Every structure is written in structure tokens, then in C-alpha cells.
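These notes are about the structure you will find just below.
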Amino acid sequence: MLVNQFLILGAVLFCIGVYGVLARKNAVMVLMSIELILNSVNINLLAFDLMNGGLEGSVFALYIIGIAAAEVGVGLAMVLLIYRNKKSIALDELSEMKG
């Protein structure tokens with residue numbers, strides 16, 4: 001396959017992820033959209049790595065996978081704590097959270 005096809009796939013997934021972050025009201029769906037954005041960045045990094053023939057894109061993709069795993073762990077822990085206190089994970093209801 002051509003590198004252009006991978007770049008177009010990454011751009012489409014990135015746009016879907018940004019739409020999910022902006023349009024969703026559910027916190028879990030927002031976290032899934034952020035994961036989609038990170039995976040689209042991985043596809044783009046690997047496509048550029050394929051085009052240039054180096055290993056730098058693969059190394060950065062591994063770092064992004066690690067960051068995504070940490071984001072899932074911290075994000076889901078926050079969602080569970082919010083659900084315990086508010087009995088809802090709707091993002092509209094979180095605006096009243098104050099220190």
C-alpha cells in the first residue's frame with residue numbers, strides 16, 4: 001500500500017476522534033475518542049517511518065502507546081471516582097466541581 005493511504009486513514013481517524021471529543025457528553029466516550037486520536041498519530045508516525053526508512057517513528061509510536069496506557073488508567077480511575085460521588089458520568093454535570 002502507498003504511504004498516502006496510511007496518511008489519509010490517520011487523518012480520517014484523527015477527525016473522527018476530534019469530533020468525538022467535542023460532541024460527546026459521556027466521559028468514557030471522550031476517553032475512547034482520545035485513544036482514537038492517539039492511534040491515528042501512531043499510524044501517521046509509522047507511515048512517515050516507512051517513507052524515511054528509519055526507526056524514529058517506531059520509537060515515538062511506542063512512547064505514545066505507553067502514554068495512552070497511562071491515560072486510560074488515570075482517566076478511568078477519575079471516571080469511577082466521579083461516578084461514585086455524582087452517580088453520573090455526564091460531562092455537563094461536572095461543571096460544578098470546585099476545590
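Labels for the C-alpha cells follow display order: chains A, B, ..., residues from 1 in each chain, ligands from 1.
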Once DSSP has gone over the backbone, tell me which residues of chain A are in helix (DSSP H, G or I), as a PDB file with N, CA and C atoms, in the first residue's frame.
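So the final result, stored in out03.pdb, reads:
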ATOM      1  N   VAL A   3       2.053   5.089   0.994  1.00  0.00           N
ATOM      2  CA  VAL A   3       2.139   5.864   2.230  1.00  0.00           C
ATOM      3  C   VAL A   3       0.973   6.838   2.320  1.00  0.00           C
ATOM      4  N   ASN A   4       0.532   7.347   1.170  1.00  0.00           N
ATOM      5  CA  ASN A   4      -0.583   8.308   1.159  1.00  0.00           C
ATOM      6  C   ASN A   4      -1.851   7.708   1.745  1.00  0.00           C
ATOM      7  N   GLN A   5      -2.069   6.425   1.505  1.00  0.00           N
ATOM      8  CA  GLN A   5      -3.268   5.788   2.039  1.00  0.00           C
ATOM      9  C   GLN A   5      -3.225   5.709   3.564  1.00  0.00           C
ATOM     10  N   PHE A   6      -2.056   5.439   4.109  1.00  0.00           N
ATOM     11  CA  PHE A   6      -1.920   5.422   5.568  1.00  0.00           C
ATOM     12  C   PHE A   6      -2.132   6.817   6.152  1.00  0.00           C
ATOM     13  N   LEU A   7      -1.616   7.832   5.464  1.00  0.00           N
ATOM     14  CA  LEU A   7      -1.779   9.200   5.955  1.00  0.00           C
ATOM     15  C   LEU A   7      -3.239   9.641   5.895  1.00  0.00           C
ATOM     16  N   ILE A   8      -3.938   9.245   4.847  1.00  0.00           N
ATOM     17  CA  ILE A   8      -5.363   9.588   4.746  1.00  0.00           C
ATOM     18  C   ILE A   8      -6.152   8.864   5.832  1.00  0.00           C
ATOM     19  N   LEU A   9      -5.831   7.598   6.079  1.00  0.00           N
ATOM     20  CA  LEU A   9      -6.502   6.857   7.150  1.00  0.00           C
ATOM     21  C   LEU A   9      -6.246   7.513   8.506  1.00  0.00           C
ATOM     22  N   GLY A  10      -5.012   7.921   8.754  1.00  0.00           N
ATOM     23  CA  GLY A  10      -4.699   8.605  10.011  1.00  0.00           C
ATOM     24  C   GLY A  10      -5.440   9.919  10.147  1.00  0.00           C
ATOM     25  N   ALA A  11      -5.558  10.667   9.052  1.00  0.00           N
ATOM     26  CA  ALA A  11      -6.275  11.947   9.099  1.00  0.00           C
ATOM     27  C   ALA A  11      -7.762  11.741   9.353  1.00  0.00           C
ATOM     28  N   VAL A  12      -8.342  10.726   8.735  1.00  0.00           N
ATOM     29  CA  VAL A  12      -9.768  10.443   8.941  1.00  0.00           C
ATOM     30  C   VAL A  12     -10.019  10.021  10.385  1.00  0.00           C
ATOM     31  N   LEU A  13      -9.171   9.146  10.919  1.00  0.00           N
ATOM     32  CA  LEU A  13      -9.331   8.721  12.311  1.00  0.00           C
ATOM     33  C   LEU A  13      -9.135   9.883  13.275  1.00  0.00           C
ATOM     34  N   PHE A  14      -8.204  10.771  12.963  1.00  0.00           N
ATOM     35  CA  PHE A  14      -7.991  11.946  13.804  1.00  0.00           C
ATOM     36  C   PHE A  14      -9.234  12.842  13.810  1.00  0.00           C
ATOM     37  N   CYS A  15      -9.819  13.049  12.657  1.00  0.00           N
ATOM     38  CA  CYS A  15     -11.028  13.891  12.577  1.00  0.00           C
ATOM     39  C   CYS A  15     -12.195  13.259  13.329  1.00  0.00           C
ATOM     40  N   ILE A  16     -12.344  11.946  13.210  1.00  0.00           N
ATOM     41  CA  ILE A  16     -13.406  11.261  13.955  1.00  0.00           C
ATOM     42  C   ILE A  16     -13.171  11.390  15.459  1.00  0.00           C
ATOM     43  N   GLY A  17     -11.930  11.273  15.885  1.00  0.00           N
ATOM     44  CA  GLY A  17     -11.607  11.411  17.302  1.00  0.00           C
ATOM     45  C   GLY A  17     -11.863  12.811  17.827  1.00  0.00           C
ATOM     46  N   VAL A  18     -11.501  13.830  17.052  1.00  0.00           N
ATOM     47  CA  VAL A  18     -11.757  15.212  17.477  1.00  0.00           C
ATOM     48  C   VAL A  18     -13.255  15.474  17.556  1.00  0.00           C
ATOM     49  N   TYR A  19     -13.999  14.959  16.593  1.00  0.00           N
ATOM     50  CA  TYR A  19     -15.459  15.112  16.643  1.00  0.00           C
ATOM     51  C   TYR A  19     -16.016  14.425  17.889  1.00  0.00           C
ATOM     52  N   GLY A  20     -15.497  13.243  18.222  1.00  0.00           N
ATOM     53  CA  GLY A  20     -15.964  12.539  19.412  1.00  0.00           C
ATOM     54  C   GLY A  20     -15.665  13.296  20.693  1.00  0.00           C
ATOM     55  N   VAL A  21     -14.509  13.937  20.772  1.00  0.00           N
ATOM     56  CA  VAL A  21     -14.169  14.719  21.962  1.00  0.00           C
ATOM     57  C   VAL A  21     -15.082  15.929  22.091  1.00  0.00           C
ATOM     58  N   LEU A  22     -15.372  16.582  20.973  1.00  0.00           N
ATOM     59  CA  LEU A  22     -16.177  17.799  21.019  1.00  0.00           C
ATOM     60  C   LEU A  22     -17.668  17.535  21.161  1.00  0.00           C
ATOM     61  N   ALA A  23     -18.163  16.425  20.642  1.00  0.00           N
ATOM     62  CA  ALA A  23     -19.605  16.211  20.580  1.00  0.00           C
ATOM     63  C   ALA A  23     -20.149  15.327  21.694  1.00  0.00           C
ATOM     64  N   ALA A  27     -18.200  10.696  29.566  1.00  0.00           N
ATOM     65  CA  ALA A  27     -16.763  10.765  29.825  1.00  0.00           C
ATOM     66  C   ALA A  27     -16.020   9.561  29.260  1.00  0.00           C
ATOM     67  N   VAL A  28     -16.624   8.395  29.278  1.00  0.00           N
ATOM     68  CA  VAL A  28     -15.970   7.210  28.734  1.00  0.00           C
ATOM     69  C   VAL A  28     -15.824   7.333  27.222  1.00  0.00           C
ATOM     70  N   MET A  29     -16.828   7.874  26.561  1.00  0.00           N
ATOM     71  CA  MET A  29     -16.747   8.064  25.109  1.00  0.00           C
ATOM     72  C   MET A  29     -15.689   9.101  24.750  1.00  0.00           C
ATOM     73  N   VAL A  30     -15.510  10.108  25.586  1.00  0.00           N
ATOM     74  CA  VAL A  30     -14.455  11.100  25.354  1.00  0.00           C
ATOM     75  C   VAL A  30     -13.080  10.446  25.489  1.00  0.00           C
ATOM     76  N   LEU A  31     -12.922   9.573  26.486  1.00  0.00           N
ATOM     77  CA  LEU A  31     -11.656   8.854  26.633  1.00  0.00           C
ATOM     78  C   LEU A  31     -11.386   7.950  25.432  1.00  0.00           C
ATOM     79  N   MET A  32     -12.430   7.315  24.906  1.00  0.00           N
ATOM     80  CA  MET A  32     -12.263   6.480  23.721  1.00  0.00           C
ATOM     81  C   MET A  32     -11.888   7.316  22.505  1.00  0.00           C
ATOM     82  N   SER A  33     -12.425   8.518  22.419  1.00  0.00           N
ATOM     83  CA  SER A  33     -12.077   9.406  21.309  1.00  0.00           C
ATOM     84  C   SER A  33     -10.631   9.874  21.407  1.00  0.00           C
ATOM     85  N   ILE A  34     -10.157  10.108  22.619  1.00  0.00           N
ATOM     86  CA  ILE A  34      -8.754  10.482  22.804  1.00  0.00           C
ATOM     87  C   ILE A  34      -7.852   9.328  22.398  1.00  0.00           C
ATOM     88  N   GLU A  35      -8.253   8.105  22.709  1.00  0.00           N
ATOM     89  CA  GLU A  35      -7.484   6.937  22.273  1.00  0.00           C
ATOM     90  C   GLU A  35      -7.452   6.853  20.752  1.00  0.00           C
ATOM     91  N   LEU A  36      -8.562   7.176  20.102  1.00  0.00           N
ATOM     92  CA  LEU A  36      -8.609   7.164  18.647  1.00  0.00           C
ATOM     93  C   LEU A  36      -7.661   8.202  18.063  1.00  0.00           C
ATOM     94  N   ILE A  37      -7.579   9.356  18.691  1.00  0.00           N
ATOM     95  CA  ILE A  37      -6.645  10.396  18.244  1.00  0.00           C
ATOM     96  C   ILE A  37      -5.203   9.912  18.387  1.00  0.00           C
ATOM     97  N   LEU A  38      -4.883   9.307  19.520  1.00  0.00           N
ATOM     98  CA  LEU A  38      -3.524   8.819  19.728  1.00  0.00           C
ATOM     99  C   LEU A  38      -3.164   7.708  18.744  1.00  0.00           C
ATOM    100  N   ASN A  39      -4.120   6.843  18.429  1.00  0.00           N
ATOM    101  CA  ASN A  39      -3.847   5.783  17.464  1.00  0.00           C
ATOM    102  C   ASN A  39      -3.674   6.331  16.057  1.00  0.00           C
ATOM    103  N   SER A  40      -4.395   7.392  15.722  1.00  0.00           N
ATOM    104  CA  SER A  40      -4.202   7.996  14.400  1.00  0.00           C
ATOM    105  C   SER A  40      -2.817   8.633  14.295  1.00  0.00           C
ATOM    106  N   VAL A  41      -2.344   9.207  15.382  1.00  0.00           N
ATOM    107  CA  VAL A  41      -0.982   9.752  15.390  1.00  0.00           C
ATOM    108  C   VAL A  41       0.032   8.626  15.223  1.00  0.00           C
ATOM    109  N   ASN A  42      -0.225   7.476  15.848  1.00  0.00           N
ATOM    110  CA  ASN A  42       0.667   6.326  15.663  1.00  0.00           C
ATOM    111  C   ASN A  42       0.712   5.884  14.209  1.00  0.00           C
ATOM    112  N   ILE A  43      -0.431   5.846  13.551  1.00  0.00           N
ATOM    113  CA  ILE A  43      -0.468   5.455  12.137  1.00  0.00           C
ATOM    114  C   ILE A  43       0.338   6.433  11.303  1.00  0.00           C
ATOM    115  N   ASN A  44       0.195   7.723  11.573  1.00  0.00           N
ATOM    116  CA  ASN A  44       0.957   8.720  10.815  1.00  0.00           C
ATOM    117  C   ASN A  44       2.456   8.596  11.078  1.00  0.00           C
ATOM    118  N   LEU A  45       2.844   8.375  12.320  1.00  0.00           N
ATOM    119  CA  LEU A  45       4.268   8.216  12.631  1.00  0.00           C
ATOM    120  C   LEU A  45       4.857   7.001  11.927  1.00  0.00           C
ATOM    121  N   LEU A  46       4.117   5.907  11.913  1.00  0.00           N
ATOM    122  CA  LEU A  46       4.616   4.709  11.253  1.00  0.00           C
ATOM    123  C   LEU A  46       4.646   4.873   9.738  1.00  0.00           C
ATOM    124  N   ALA A  47       3.714   5.642   9.190  1.00  0.00           N
ATOM    125  CA  ALA A  47       3.733   5.904   7.745  1.00  0.00           C
ATOM    126  C   ALA A  47       4.954   6.733   7.370  1.00  0.00           C
ATOM    127  N   PHE A  48       5.259   7.755   8.143  1.00  0.00           N
ATOM    128  CA  PHE A  48       6.456   8.554   7.868  1.00  0.00           C
ATOM    129  C   PHE A  48       7.730   7.743   8.110  1.00  0.00           C
ATOM    130  N   ASP A  49       7.682   6.837   9.084  1.00  0.00           N
ATOM    131  CA  ASP A  49       8.814   5.967   9.327  1.00  0.00           C
ATOM    132  C   ASP A  49       9.033   5.034   8.133  1.00  0.00           C
ATOM    133  N   LEU A  50       7.942   4.533   7.564  1.00  0.00           N
ATOM    134  CA  LEU A  50       8.033   3.692   6.381  1.00  0.00           C
ATOM    135  C   LEU A  50       8.589   4.466   5.194  1.00  0.00           C
ATOM    136  N   MET A  51       8.200   5.728   5.090  1.00  0.00           N
ATOM    137  CA  MET A  51       8.657   6.559   3.974  1.00  0.00           C
ATOM    138  C   MET A  51      10.145   6.892   4.099  1.00  0.00           C
ATOM    139  N   ASN A  52      10.616   7.157   5.311  1.00  0.00           N
ATOM    140  CA  ASN A  52      12.009   7.563   5.508  1.00  0.00           C
ATOM    141  C   ASN A  52      12.954   6.393   5.743  1.00  0.00           C
ATOM    142  N   GLU A  56      12.926   6.010  13.945  1.00  0.00           N
ATOM    143  CA  GLU A  56      12.486   7.055  14.868  1.00  0.00           C
ATOM    144  C   GLU A  56      10.968   7.045  15.054  1.00  0.00           C
ATOM    145  N   GLY A  57      10.218   6.856  13.983  1.00  0.00           N
ATOM    146  CA  GLY A  57       8.758   6.830  14.081  1.00  0.00           C
ATOM    147  C   GLY A  57       8.265   5.674  14.916  1.00  0.00           C
ATOM    148  N   SER A  58       8.934   4.530  14.808  1.00  0.00           N
ATOM    149  CA  SER A  58       8.536   3.368  15.605  1.00  0.00           C
ATOM    150  C   SER A  58       8.803   3.600  17.084  1.00  0.00           C
ATOM    151  N   VAL A  59       9.891   4.261  17.397  1.00  0.00           N
ATOM    152  CA  VAL A  59      10.218   4.551  18.798  1.00  0.00           C
ATOM    153  C   VAL A  59       9.197   5.523  19.389  1.00  0.00           C
ATOM    154  N   PHE A  60       8.863   6.562  18.634  1.00  0.00           N
ATOM    155  CA  PHE A  60       7.857   7.508  19.114  1.00  0.00           C
ATOM    156  C   PHE A  60       6.490   6.846  19.247  1.00  0.00           C
ATOM    157  N   ALA A  61       6.169   5.921  18.344  1.00  0.00           N
ATOM    158  CA  ALA A  61       4.898   5.197  18.441  1.00  0.00           C
ATOM    159  C   ALA A  61       4.846   4.368  19.720  1.00  0.00           C
ATOM    160  N   LEU A  62       5.960   3.765  20.099  1.00  0.00           N
ATOM    161  CA  LEU A  62       5.988   3.011  21.357  1.00  0.00           C
ATOM    162  C   LEU A  62       5.794   3.930  22.559  1.00  0.00           C
ATOM    163  N   TYR A  63       6.377   5.117  22.522  1.00  0.00           N
ATOM    164  CA  TYR A  63       6.149   6.084  23.599  1.00  0.00           C
ATOM    165  C   TYR A  63       4.674   6.486  23.676  1.00  0.00           C
ATOM    166  N   ILE A  64       4.056   6.689  22.534  1.00  0.00           N
ATOM    167  CA  ILE A  64       2.646   7.079  22.522  1.00  0.00           C
ATOM    168  C   ILE A  64       1.769   5.953  23.053  1.00  0.00           C
ATOM    169  N   ILE A  65       2.118   4.708  22.748  1.00  0.00           N
ATOM    170  CA  ILE A  65       1.361   3.580  23.291  1.00  0.00           C
ATOM    171  C   ILE A  65       1.466   3.565  24.818  1.00  0.00           C
ATOM    172  N   GLY A  66       2.642   3.851  25.354  1.00  0.00           N
ATOM    173  CA  GLY A  66       2.807   3.923  26.808  1.00  0.00           C
ATOM    174  C   GLY A  66       2.014   5.061  27.424  1.00  0.00           C
ATOM    175  N   ILE A  67       2.021   6.212  26.768  1.00  0.00           N
ATOM    176  CA  ILE A  67       1.241   7.353  27.251  1.00  0.00           C
ATOM    177  C   ILE A  67      -0.248   7.043  27.203  1.00  0.00           C
ATOM    178  N   ALA A  68      -0.689   6.360  26.153  1.00  0.00           N
ATOM    179  CA  ALA A  68      -2.102   6.005  26.033  1.00  0.00           C
ATOM    180  C   ALA A  68      -2.519   5.040  27.138  1.00  0.00           C
ATOM    181  N   ALA A  69      -1.648   4.102  27.490  1.00  0.00           N
ATOM    182  CA  ALA A  69      -1.970   3.173  28.574  1.00  0.00           C
ATOM    183  C   ALA A  69      -2.092   3.903  29.906  1.00  0.00           C
ATOM    184  N   ALA A  70      -1.193   4.850  30.153  1.00  0.00           N
ATOM    185  CA  ALA A  70      -1.275   5.628  31.395  1.00  0.00           C
ATOM    186  C   ALA A  70      -2.528   6.498  31.399  1.00  0.00           C
ATOM    187  N   GLU A  71      -2.873   7.052  30.244  1.00  0.00           N
ATOM    188  CA  GLU A  71      -4.071   7.895  30.152  1.00  0.00           C
ATOM    189  C   GLU A  71      -5.327   7.090  30.445  1.00  0.00           C
ATOM    190  N   VAL A  72      -5.378   5.858  29.962  1.00  0.00           N
ATOM    191  CA  VAL A  72      -6.542   5.015  30.225  1.00  0.00           C
ATOM    192  C   VAL A  72      -6.642   4.702  31.713  1.00  0.00           C
ATOM    193  N   GLY A  73      -5.540   4.366  32.323  1.00  0.00           N
ATOM    194  CA  GLY A  73      -5.573   4.046  33.747  1.00  0.00           C
ATOM    195  C   GLY A  73      -6.008   5.214  34.599  1.00  0.00           C
ATOM    196  N   VAL A  74      -5.414   6.370  34.385  1.00  0.00           N
ATOM    197  CA  VAL A  74      -5.759   7.561  35.172  1.00  0.00           C
ATOM    198  C   VAL A  74      -7.165   8.052  34.834  1.00  0.00           C
ATOM    199  N   GLY A  75      -7.494   8.064  33.552  1.00  0.00           N
ATOM    200  CA  GLY A  75      -8.809   8.557  33.131  1.00  0.00           C
ATOM    201  C   GLY A  75      -9.944   7.702  33.663  1.00  0.00           C
ATOM    202  N   LEU A  76      -9.814   6.384  33.574  1.00  0.00           N
ATOM    203  CA  LEU A  76     -10.878   5.523  34.085  1.00  0.00           C
ATOM    204  C   LEU A  76     -10.980   5.581  35.604  1.00  0.00           C
ATOM    205  N   ALA A  77      -9.857   5.765  36.281  1.00  0.00           N
ATOM    206  CA  ALA A  77      -9.916   5.928  37.739  1.00  0.00           C
ATOM    207  C   ALA A  77     -10.673   7.202  38.109  1.00  0.00           C
ATOM    208  N   MET A  78     -10.429   8.278  37.357  1.00  0.00           N
ATOM    209  CA  MET A  78     -11.159   9.525  37.613  1.00  0.00           C
ATOM    210  C   MET A  78     -12.649   9.367  37.320  1.00  0.00           C
ATOM    211  N   VAL A  79     -12.974   8.676  36.253  1.00  0.00           N
ATOM    212  CA  VAL A  79     -14.386   8.467  35.906  1.00  0.00           C
ATOM    213  C   VAL A  79     -15.075   7.642  36.985  1.00  0.00           C
ATOM    214  N   LEU A  80     -14.409   6.629  37.515  1.00  0.00           N
ATOM    215  CA  LEU A  80     -15.006   5.824  38.584  1.00  0.00           C
ATOM    216  C   LEU A  80     -15.222   6.635  39.851  1.00  0.00           C
ATOM    217  N   LEU A  81     -14.270   7.494  40.199  1.00  0.00           N
ATOM    218  CA  LEU A  81     -14.451   8.341  41.384  1.00  0.00           C
ATOM    219  C   LEU A  81     -15.590   9.336  41.199  1.00  0.00           C
ATOM    220  N   ILE A  82     -15.685   9.895  40.015  1.00  0.00           N
ATOM    221  CA  ILE A  82     -16.782  10.835  39.746  1.00  0.00           C
ATOM    222  C   ILE A  82     -18.112  10.109  39.787  1.00  0.00           C
ATOM    223  N   TYR A  83     -18.166   8.888  39.263  1.00  0.00           N
ATOM    224  CA  TYR A  83     -19.411   8.130  39.286  1.00  0.00           C
ATOM    225  C   TYR A  83     -19.825   7.783  40.718  1.00  0.00           C
ATOM    226  N   ARG A  84     -18.842   7.481  41.559  1.00  0.00           N
ATOM    227  CA  ARG A  84     -19.175   7.193  42.961  1.00  0.00           C
ATOM    228  C   ARG A  84     -19.780   8.401  43.660  1.00  0.00           C
ATOM    229  N   ASN A  85     -19.285   9.588  43.359  1.00  0.00           N
ATOM    230  CA  ASN A  85     -19.774  10.783  44.043  1.00  0.00           C
ATOM    231  C   ASN A  85     -21.045  11.344  43.419  1.00  0.00           C
ATOM    232  N   LYS A  86     -21.136  11.367  42.100  1.00  0.00           N
ATOM    233  CA  LYS A  86     -22.248  12.028  41.419  1.00  0.00           C
ATOM    234  C   LYS A  86     -23.310  11.077  40.901  1.00  0.00           C
ATOM    235  N   LEU A  91     -20.571  14.763  31.301  1.00  0.00           N
ATOM    236  CA  LEU A  91     -19.604  15.844  31.466  1.00  0.00           C
ATOM    237  C   LEU A  91     -20.267  17.189  31.751  1.00  0.00           C
ATOM    238  N   ASP A  92     -21.528  17.337  31.408  1.00  0.00           N
ATOM    239  CA  ASP A  92     -22.239  18.595  31.686  1.00  0.00           C
ATOM    240  C   ASP A  92     -22.419  18.823  33.184  1.00  0.00           C
ATOM    241  N   GLU A  93     -22.538  17.750  33.931  1.00  0.00           N
ATOM    242  CA  GLU A  93     -22.781  17.868  35.365  1.00  0.00           C
ATOM    243  C   GLU A  93     -21.501  18.095  36.162  1.00  0.00           C
ATOM    244  N   LEU A  94     -20.350  18.035  35.522  1.00  0.00           N
ATOM    245  CA  LEU A  94     -19.097  18.207  36.222  1.00  0.00           C
ATOM    246  C   LEU A  94     -18.654  19.652  36.339  1.00  0.00           C
ATOM    247  N   SER A  95     -19.404  20.584  35.775  1.00  0.00           N
ATOM    248  CA  SER A  95     -19.004  21.980  35.814  1.00  0.00           C
ATOM    249  C   SER A  95     -19.114  22.572  37.216  1.00  0.00           C
ATOM    250  N   GLU A  96     -19.823  21.916  38.099  1.00  0.00           N
ATOM    251  CA  GLU A  96     -19.971  22.432  39.458  1.00  0.00           C
ATOM    252  C   GLU A  96     -18.903  21.906  40.406  1.00  0.00           C
TER     253      GLU A  96
END
